[in-house]
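Here's the structure we're looking at; comments come further down.
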Amino acid sequence: MHQMTLAEIARGLADKKFSSEELTKVLLARITQLDPQLNSFISLTEELALEQAKAADARRANGESGALLGAPIAHKDLFCTQGIRTSCGSKMLDNFKAPYDATVVAKLAAAGAVTLGKTNMDEFAMGSANESSWYGAVKNPWNLEHVPGGSSGGSAAAVAARLLPAATATDTGGSIRQPAAFTNLTGLKPTYGRVSRWGMIAYASSLDQGGPLARTAEDCAILLQGMAGFDQNDSTSIDEPVPDYSASLGDSLQGLRIGVPKEYFSAGLDPRIAELIQNSIKELQKLGAVIKEISLPNMQHAIPAYYVIAPAEASSNLSRFDGVRFGHRCENPENLIDLYKRSRGEGFGPEVQRRIMVGAYALSAGYYDAYYLKAQKIRRLVKNDFMAAFNEVDIILGPTTPNPAWKLGAKNSDPVAAYLEDVYTITANLAGLPGLSMPAGFVDGLPVGVQLLAPYFQEGRLLNVAHQYQLHTDWHTRTPQGF
Ligand code: GLN
C-alpha cells in the first residue's frame, strides 16, 4: 500500500479498494517503524490524521471526489499548523504552537488531504544538507551515511522512503529541487507569487516559495493544484488563474525548444552527472524536443549575490524572535538587553547566527552600497540573462546539483563549500522563475537530478516535460533498499 503514488491512491479511494482511514493507519505504523533510521519527522499528528481521514471517507461516501480527498501528506515544519508545534527546525520555536493555519495548509485540508505530521528541516530553512536542524540531522534513505539534501530534507527523505506519497516543501535557493535530486524525487519550485507565503515562516521573503515534493510529475501536478492560487493575505501573491496542471501532462513534446547553457558544464560538475544529463537530453530528443546551446553569462555571480541578499532578508525577518513575543526565552534575564542576547544566543544555532551576522553587516551603513545594492544589481543581470534565453527556447535544462549527496558531516567545517553546491538552483530564485528537478540516474548508488526551468507561470510546461520523460524512463520508480 505504501508504494502507491497520489494518483494511484486517488483511483483506489474512488474505486473503494481501501479507505483513507485504512491507508492512514498503514502509513502511520510505517513511519513509527522506519523513521527512527531517518529522523524525517519532527512531529507526528496521528489524532488529526485519523480525524481528517474519517472526514474524507465520509465526504467520499456522500458522493464528493477529488484527487486530494483522503490523500496522506505531511508539511515541512515551517508551515504554520493551528494548535500544532511549528518549530522551523529551531530550538527558538520548539515550544511554538501556531495560532492559525498557513494558507497552504488550509487549502490542502479543505481539499481533503490528511496531515500525517510535520517534517524535519534545516533550521529556518538555512542549509542544503538538513544537518542544521535542532532536532538532529536527517539521513538519506539511499545511503544512511549521506545527507538527504536540504533544507526540505525531512519531506524528501520521508517521501523517498515511501513513508508517504508526497509532502509540502519550500525553496529559497534550491530547497525543493536539491533534496529532490539527492533522494530520487520530483520537486517543483513554482513561480514567485504562485503559492501563498502566508503562514510560511519567512527566511528570505523575496526568494521563498512553497511547492510540492513527490515521486512523479503527475503527483506534483496534483499537489501543486491544491497549493497554488491568489491569496489576499500575501501581498506578493499573484492574481492569475491557476491552470489545470494535470490536463496538460499528456501534451506532445514535438518541437519543444530546450536550451542547454554552456556555463552549466564547467569544471565544478561531476563528469558522471554530466553524462547522465546528456542521456536525459537524448531521451527528450527522441520525444521530439530540439536542443539549442544557450548562454547565461552572469551565472557565476549568482552565489555571491544570493549569499548577501538571503542573509540580509533573514537578518531582518528573524529580528522578531526576541524572547518577548515568540518562542524561546532565557532564564532570569537581568535586563532587556540580556533578555535579547541570551534568548537569541540560546535559541538560534550556529548557521542561523552566522547568516544573521552576515546579513546585518551587509545592510549596515557604509556597506549597504558595496554589498546589498551590488547584489541587487547582479540579481537583475541574472534575470535579464533568463529573459534573453527564453526568447529563443521554451525550457532550460541542466543538472540540479554539481555533485551527488555528500556524507553526513563532510561540509560542516566549511560552510562556503556547501554554499557552492547551490550553483544551479539559486538563479531561479533570484529571477523568481519556476524550476523542477526530476530523477535522471545514479552515481555510486546515489540519485542524480536533472533540472528544468521555464518562463514565469509555466509550471504546467515543466510538469508536462517531466511527465513525458517519466513515461519513457524508470529512474523515478526505483526504491531505496530497506524501504
Ligand atoms: N542552500 C540554500 C541556503 O542555505 C537554500 C536554502 C533554501 O532554499 N531554503 O540558503
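By order in the C-alpha cells, chains are A, B, ...; within a chain, residues start at 1; ligands start at 1, following the order shown.
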*Write out as a PyMOL selection string the residues lying within 6 Å of range 152-158 of chain A, counting only C-alpha atoms and excluding same-chain residues fewer than 4 positions away.*
chain A and resi 40+119-121+130+140+148+163+167+169+175+179
Output the selection as a PDB file, in the first residue's frame - C-alpha atoms for each residue.
ATOM      1  CA  SER A  40      12.486  12.793   8.833  1.00  0.00           C
ATOM      2  CA  THR A 119       8.765  17.164   8.636  1.00  0.00           C
ATOM      3  CA  ASN A 120      12.314  17.907   9.715  1.00  0.00           C
ATOM      4  CA  MET A 121      14.227  20.712   8.038  1.00  0.00           C
ATOM      5  CA  ASN A 130      19.462  19.104   6.700  1.00  0.00           C
ATOM      6  CA  ASN A 140      19.265   9.823   3.109  1.00  0.00           C
ATOM      7  CA  PRO A 148      19.247  13.901   2.049  1.00  0.00           C
ATOM      8  CA  LEU A 163       6.599   6.712   4.380  1.00  0.00           C
ATOM      9  CA  ALA A 167       4.836  16.396   1.081  1.00  0.00           C
ATOM     10  CA  ALA A 169       8.347  21.909   0.944  1.00  0.00           C
ATOM     11  CA  SER A 175      15.485  23.540  -1.021  1.00  0.00           C
ATOM     12  CA  PRO A 179      16.721  17.361  -1.881  1.00  0.00           C
TER      13      PRO A 179
END
Residues of range 238-284 of chain A at most 9 Å from range 293-311 of chain A: nearest atom pair and distance in Å, only C-alpha atoms, as a Markdown table:
| residue | atom | partner | partner_atom | distance |
| --- | --- | --- | --- | --- |
| A:Ile258 | CA | A:Glu293 | CA | 8.5 |
| A:Gly259 | CA | A:Glu293 | CA | 5.6 |
| A:Val260 | CA | A:Glu293 | CA | 4.9 |
| A:Pro261 | CA | A:Ile294 | CA | 4.6 |
| A:Lys262 | CA | A:Ser295 | CA | 5.7 |
| A:Glu263 | CA | A:Ser295 | CA | 6.6 |
| A:Tyr264 | CA | A:Leu296 | CA | 8.8 |
*When distances are computed from only C-alpha atoms, which of A:Thr401, A:Ser316, A:Ser151, A:Asn332 shows the smallest separation from Ile356 in chain A?*
A:Ser316
*Straight-line distance linking CA of Met200 in chain A with CA of Ala98 in chain A, stated in Å to one decimal*: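 Separation between CA of Met200 in chain A and CA of Ala98 in chain A: 10.7 Å.
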_Can you tell me which residues surround range 194-197 of chain A at a distance of at most 7 Å, considering only C-alpha atoms, apart from same-chain residues fewer than 5 positions away, and format the answer as a PyMOL selection string?_
chain A and resi 103-104+209-210+227-231+234+237-238
Keeping only N, CA, C and O atoms, write those residues as a CSV table (one decimal), in the first residue's frame.
chain,number,residue,atom,x,y,z
A,103,THR,N,-1.9,29.4,4.7
A,103,THR,CA,-2.9,29.3,3.6
A,103,THR,C,-2.7,27.9,2.9
A,103,THR,O,-3.7,27.2,2.6
A,104,VAL,N,-1.4,27.5,2.7
A,104,VAL,CA,-1.2,26.2,2.0
A,104,VAL,C,-1.8,25.1,2.8
A,104,VAL,O,-2.5,24.2,2.2
A,209,GLN,N,9.5,30.3,-1.7
A,209,GLN,CA,8.3,29.9,-2.4
A,209,GLN,C,8.0,28.4,-2.0
A,209,GLN,O,8.9,27.6,-2.0
A,210,GLY,N,6.8,28.1,-1.7
A,210,GLY,CA,6.4,26.8,-1.4
A,210,GLY,C,6.1,26.0,-2.6
A,210,GLY,O,5.7,26.5,-3.6
A,227,MET,N,-2.2,23.7,-3.8
A,227,MET,CA,-1.4,24.7,-3.1
A,227,MET,C,-1.5,26.1,-3.8
A,227,MET,O,-1.4,27.1,-3.1
A,228,ALA,N,-1.6,26.1,-5.1
A,228,ALA,CA,-1.5,27.3,-5.8
A,228,ALA,C,-2.7,28.2,-5.8
A,228,ALA,O,-3.8,27.7,-5.6
A,229,GLY,N,-2.5,29.5,-6.0
A,229,GLY,CA,-3.6,30.4,-6.2
A,229,GLY,C,-3.4,31.7,-5.4
A,229,GLY,O,-2.6,31.8,-4.5
A,230,PHE,N,-4.2,32.7,-5.8
A,230,PHE,CA,-4.1,34.0,-5.2
A,230,PHE,C,-4.6,34.0,-3.7
A,230,PHE,O,-5.5,33.3,-3.4
A,231,ASP,N,-3.9,34.8,-2.9
A,231,ASP,CA,-4.3,34.9,-1.5
A,231,ASP,C,-4.2,36.3,-1.1
A,231,ASP,O,-3.1,36.9,-1.1
A,234,ASP,N,-1.4,37.6,1.3
A,234,ASP,CA,0.0,37.6,0.9
A,234,ASP,C,0.1,38.7,-0.2
A,234,ASP,O,-0.3,38.5,-1.3
A,237,SER,N,1.4,37.6,-3.5
A,237,SER,CA,0.7,36.5,-4.2
A,237,SER,C,0.1,37.1,-5.5
A,237,SER,O,-0.3,38.3,-5.5
A,238,ILE,N,0.1,36.4,-6.6
A,238,ILE,CA,-0.3,37.0,-7.9
A,238,ILE,C,-1.6,36.4,-8.3
A,238,ILE,O,-1.9,35.3,-8.2
*Set the cut-off to 6 Å, count only C-alpha atoms and all ligand atoms, and list whatever residues fall near ligand 1 as a list in words.*
Ala125, Met126, Gly127, Ser128, Ser151, Asp171, Thr172, Gly173, Gly174, Ser175 and Asp422 of chain A
Produce a file of the selected residues containing N, CA and C atoms, as a compact mmCIF listing (two decimals), in the first residue's frame.
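Output (again10.txt):
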# COMPACT_ATOMS: atom_id res chain seq x y z
N ALA A 125 15.26 26.98 7.50
CA ALA A 125 15.44 26.67 6.07
C ALA A 125 16.80 27.09 5.54
N MET A 126 17.76 27.24 6.45
CA MET A 126 19.10 27.64 6.03
C MET A 126 19.99 26.41 5.95
N GLY A 127 20.29 25.99 4.73
CA GLY A 127 21.17 24.84 4.58
C GLY A 127 20.85 24.03 3.36
N SER A 128 21.72 23.09 3.05
CA SER A 128 21.48 22.21 1.91
C SER A 128 21.82 20.77 2.27
N SER A 151 16.93 22.56 2.28
CA SER A 151 16.52 22.45 3.65
C SER A 151 15.31 21.54 3.86
N ASP A 171 11.39 26.47 -1.12
CA ASP A 171 12.61 26.62 -1.90
C ASP A 171 12.98 28.10 -1.95
N THR A 172 14.07 28.44 -1.26
CA THR A 172 14.57 29.82 -1.24
C THR A 172 15.78 29.95 -2.16
N GLY A 173 16.53 28.84 -2.24
CA GLY A 173 17.70 28.81 -3.11
C GLY A 173 17.92 27.43 -3.70
N GLY A 174 16.92 26.55 -3.52
CA GLY A 174 17.05 25.20 -4.06
C GLY A 174 16.47 24.12 -3.16
N SER A 175 15.86 24.51 -2.06
CA SER A 175 15.49 23.54 -1.02
C SER A 175 14.36 22.58 -1.37
N ASP A 422 24.98 25.10 -4.39
CA ASP A 422 23.70 25.68 -4.82
C ASP A 422 23.78 26.33 -6.20
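The closest residue to Leu34 in chain A, picked from A:Val382, A:Ala161, A:Leu446, A:Met438 and counting only C-alpha atoms, is A:Ala161.
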_Distance of CA of Leu276 in chain A from CA of Gly409 in chain A, expressed in Å to one decimal place_ =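 Computing it gives 26.5 Å between the two atoms.
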*Any idea what the distance is between CA of Ile201 in chain A and CA of Ala102 in chain A?*
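Result for CA of Ile201 in chain A versus CA of Ala102 in chain A: 9.1 Å, one decimal.
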Listing only residues of range 109-176 of chain A within 12 Å of range 339-347 of chain A, what is the closest atom pair and its distance in Å (to one decimal) for each, using only C-alpha atoms, sorted by chain and residue number ascending, as CSV?
residue,atom,partner,partner_atom,distance
A:Glu123,CA,A:Gly347,CA,10.6
A:Phe124,CA,A:Gly347,CA,11.6
A:Ser133,CA,A:Gly347,CA,11.9
A:Trp134,CA,A:Gly347,CA,9.5
_Test item: residues at most 8 Å from range 41-54 of chain A, only C-alpha atoms, excluding those fewer than 3 positions along its chain, as a ChimeraX atom specification_ = /A:20-21,24-25,28,35,57-58,70,77,85,89,112-120,135,154-155,158
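Comparing the minimum interatomic distances between Asp101 in chain A and each of A:Gly199, A:Thr186, A:Ala389, A:His75, counting only C-alpha atoms, we find that A:Gly199 sits nearest.
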*asked:* Considering only C-alpha atoms, can you say which of A:Met357, A:Ile396, A:Ala370, A:Cys220 comes closest to Lys292 in chain A?
replied: A:Ile396
*Which one is closest to Leu144 in chain A: A:Asn39, A:Thr425, A:Thr32, A:Thr86? Count only C-alpha atoms.*
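Residue with the minimum atom-to-atom distance to Leu144 in chain A: A:Asn39.
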*May I have the residues within 8 Å of Pro165 in chain A as a list in words, using only C-alpha atoms and disregarding those fewer than 2 positions away in the same chain?*
His2, Gln3, Met4, Thr5, Leu6, Pro72, Ile73, Val159, Arg162, Leu163, Ala167, Ala214 and Arg215 of chain A
*asked:* From a backbone DSSP assignment, name each residue in range 217-420 of chain A labelled alpha helix (DSSP H), as a ChimeraX atom specification.
replied: /A:217-227,271-286,302-317,336-347,350-363,374-389,415-420
*Extract the full set of strand (DSSP E or B) residues from range 145-224 of chain A according to DSSP on the backbone, and format it as a count of residues only.*
17
*asked:* Let me make sure I understand: among A:Ala274, A:Gly193, A:Phe18, A:His328, which one has the smallest atom-to-atom distance to Asp239 in chain A if we use only C-alpha atoms?
replied: A:Gly193
*Fewer than 2 positions away in the same chain doesn't count, so skip those; otherwise give me all residues within 8 Å of range 10-14 of chain A, counting only C-alpha atoms, as a ChimeraX atom specification.*
/A:6-8,16-20,60,65-71
Requested write-out: N, CA and C atoms of the selected residues, as a PDB file, in the first residue's frame:
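For reference, out.pdb as written:
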ATOM      1  N   LEU A   6       0.195   9.397  -5.339  1.00  0.00           N
ATOM      2  CA  LEU A   6      -1.058  10.127  -5.079  1.00  0.00           C
ATOM      3  C   LEU A   6      -2.123   9.767  -6.114  1.00  0.00           C
ATOM      4  N   ALA A   7      -1.685   9.658  -7.378  1.00  0.00           N
ATOM      5  CA  ALA A   7      -2.642   9.358  -8.453  1.00  0.00           C
ATOM      6  C   ALA A   7      -3.260   7.972  -8.233  1.00  0.00           C
ATOM      7  N   GLU A   8      -2.418   7.008  -7.839  1.00  0.00           N
ATOM      8  CA  GLU A   8      -2.936   5.659  -7.593  1.00  0.00           C
ATOM      9  C   GLU A   8      -3.845   5.634  -6.365  1.00  0.00           C
ATOM     10  N   LYS A  16     -13.096   2.453  -4.165  1.00  0.00           N
ATOM     11  CA  LYS A  16     -13.398   1.830  -2.855  1.00  0.00           C
ATOM     12  C   LYS A  16     -12.561   0.585  -2.581  1.00  0.00           C
ATOM     13  N   LYS A  17     -11.312   0.590  -3.086  1.00  0.00           N
ATOM     14  CA  LYS A  17     -10.422  -0.554  -2.823  1.00  0.00           C
ATOM     15  C   LYS A  17      -9.943  -0.514  -1.379  1.00  0.00           C
ATOM     16  N   PHE A  18      -9.879   0.666  -0.808  1.00  0.00           N
ATOM     17  CA  PHE A  18      -9.483   0.856   0.598  1.00  0.00           C
ATOM     18  C   PHE A  18     -10.014   2.224   1.009  1.00  0.00           C
ATOM     19  N   SER A  19     -10.000   2.459   2.310  1.00  0.00           N
ATOM     20  CA  SER A  19     -10.459   3.775   2.787  1.00  0.00           C
ATOM     21  C   SER A  19      -9.244   4.625   3.143  1.00  0.00           C
ATOM     22  N   SER A  20      -9.467   5.916   3.261  1.00  0.00           N
ATOM     23  CA  SER A  20      -8.389   6.804   3.677  1.00  0.00           C
ATOM     24  C   SER A  20      -7.947   6.445   5.093  1.00  0.00           C
ATOM     25  N   ARG A  60     -16.382  11.255   0.711  1.00  0.00           N
ATOM     26  CA  ARG A  60     -16.474  10.384  -0.476  1.00  0.00           C
ATOM     27  C   ARG A  60     -17.780   9.584  -0.463  1.00  0.00           C
ATOM     28  N   SER A  65     -15.724  13.942  -4.738  1.00  0.00           N
ATOM     29  CA  SER A  65     -14.497  13.334  -5.265  1.00  0.00           C
ATOM     30  C   SER A  65     -13.414  14.404  -5.298  1.00  0.00           C
ATOM     31  N   GLY A  66     -12.241  14.045  -5.764  1.00  0.00           N
ATOM     32  CA  GLY A  66     -11.123  14.991  -5.795  1.00  0.00           C
ATOM     33  C   GLY A  66      -9.831  14.246  -5.547  1.00  0.00           C
ATOM     34  N   ALA A  67      -8.794  14.638  -6.285  1.00  0.00           N
ATOM     35  CA  ALA A  67      -7.537  13.884  -6.248  1.00  0.00           C
ATOM     36  C   ALA A  67      -6.891  13.909  -4.861  1.00  0.00           C
ATOM     37  N   LEU A  68      -7.195  14.932  -4.066  1.00  0.00           N
ATOM     38  CA  LEU A  68      -6.550  15.016  -2.754  1.00  0.00           C
ATOM     39  C   LEU A  68      -7.469  14.582  -1.613  1.00  0.00           C
ATOM     40  N   LEU A  69      -8.687  14.213  -1.950  1.00  0.00           N
ATOM     41  CA  LEU A  69      -9.658  13.856  -0.906  1.00  0.00           C
ATOM     42  C   LEU A  69      -9.283  12.511  -0.264  1.00  0.00           C
ATOM     43  N   GLY A  70      -8.687  12.603   0.941  1.00  0.00           N
ATOM     44  CA  GLY A  70      -8.247  11.393   1.648  1.00  0.00           C
ATOM     45  C   GLY A  70      -6.784  11.051   1.408  1.00  0.00           C
ATOM     46  N   ALA A  71      -6.044  11.934   0.726  1.00  0.00           N
ATOM     47  CA  ALA A  71      -4.637  11.658   0.399  1.00  0.00           C
ATOM     48  C   ALA A  71      -3.722  12.043   1.563  1.00  0.00           C
TER      49      ALA A  71
END
_Nearby residues (only C-alpha atoms) at most 7 Å from range 361-363 of chain A, same-chain spacing under 5 positions excluded, as a PyMOL selection string_ = chain A and resi 308+312+368+371-372
With all heavy atoms kept, could you save the residues just selected as a compact mmCIF listing (two decimals), in the first residue's frame?
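Output file out_20.txt is given in full below:
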# COMPACT_ATOMS: atom_id res chain seq x y z
N VAL A 308 24.42 37.28 -0.13
CA VAL A 308 24.26 38.60 0.50
C VAL A 308 22.76 38.88 0.70
O VAL A 308 22.32 39.22 1.80
CB VAL A 308 24.90 39.71 -0.36
CG1 VAL A 308 24.49 41.08 0.15
CG2 VAL A 308 26.42 39.57 -0.34
N ALA A 312 20.67 38.99 4.26
CA ALA A 312 20.17 40.34 4.58
C ALA A 312 18.68 40.26 4.95
O ALA A 312 18.25 40.80 5.98
CB ALA A 312 20.39 41.28 3.39
N TYR A 368 26.20 49.01 2.78
CA TYR A 368 24.97 48.75 2.03
C TYR A 368 25.22 48.83 0.52
O TYR A 368 24.89 47.92 -0.25
CB TYR A 368 23.90 49.75 2.48
CG TYR A 368 22.59 49.62 1.78
CD1 TYR A 368 21.60 48.79 2.27
CD2 TYR A 368 22.33 50.36 0.62
CE1 TYR A 368 20.38 48.68 1.63
CE2 TYR A 368 21.11 50.25 -0.03
CZ TYR A 368 20.13 49.42 0.48
OH TYR A 368 18.94 49.31 -0.16
N TYR A 371 27.65 45.99 -0.83
CA TYR A 371 27.21 44.60 -0.82
C TYR A 371 25.75 44.45 -1.25
O TYR A 371 25.46 43.86 -2.28
CB TYR A 371 27.42 43.99 0.58
CG TYR A 371 28.88 43.95 0.95
CD1 TYR A 371 29.36 44.70 2.01
CD2 TYR A 371 29.77 43.16 0.23
CE1 TYR A 371 30.71 44.67 2.35
CE2 TYR A 371 31.12 43.12 0.55
CZ TYR A 371 31.59 43.88 1.62
OH TYR A 371 32.91 43.86 1.94
N TYR A 372 24.83 44.98 -0.46
CA TYR A 372 23.41 44.71 -0.73
C TYR A 372 22.97 45.28 -2.09
O TYR A 372 22.38 44.59 -2.92
CB TYR A 372 22.55 45.27 0.40
CG TYR A 372 21.09 44.90 0.24
CD1 TYR A 372 20.67 43.60 0.47
CD2 TYR A 372 20.16 45.85 -0.17
CE1 TYR A 372 19.34 43.24 0.30
CE2 TYR A 372 18.83 45.49 -0.34
CZ TYR A 372 18.43 44.20 -0.10
OH TYR A 372 17.12 43.84 -0.28
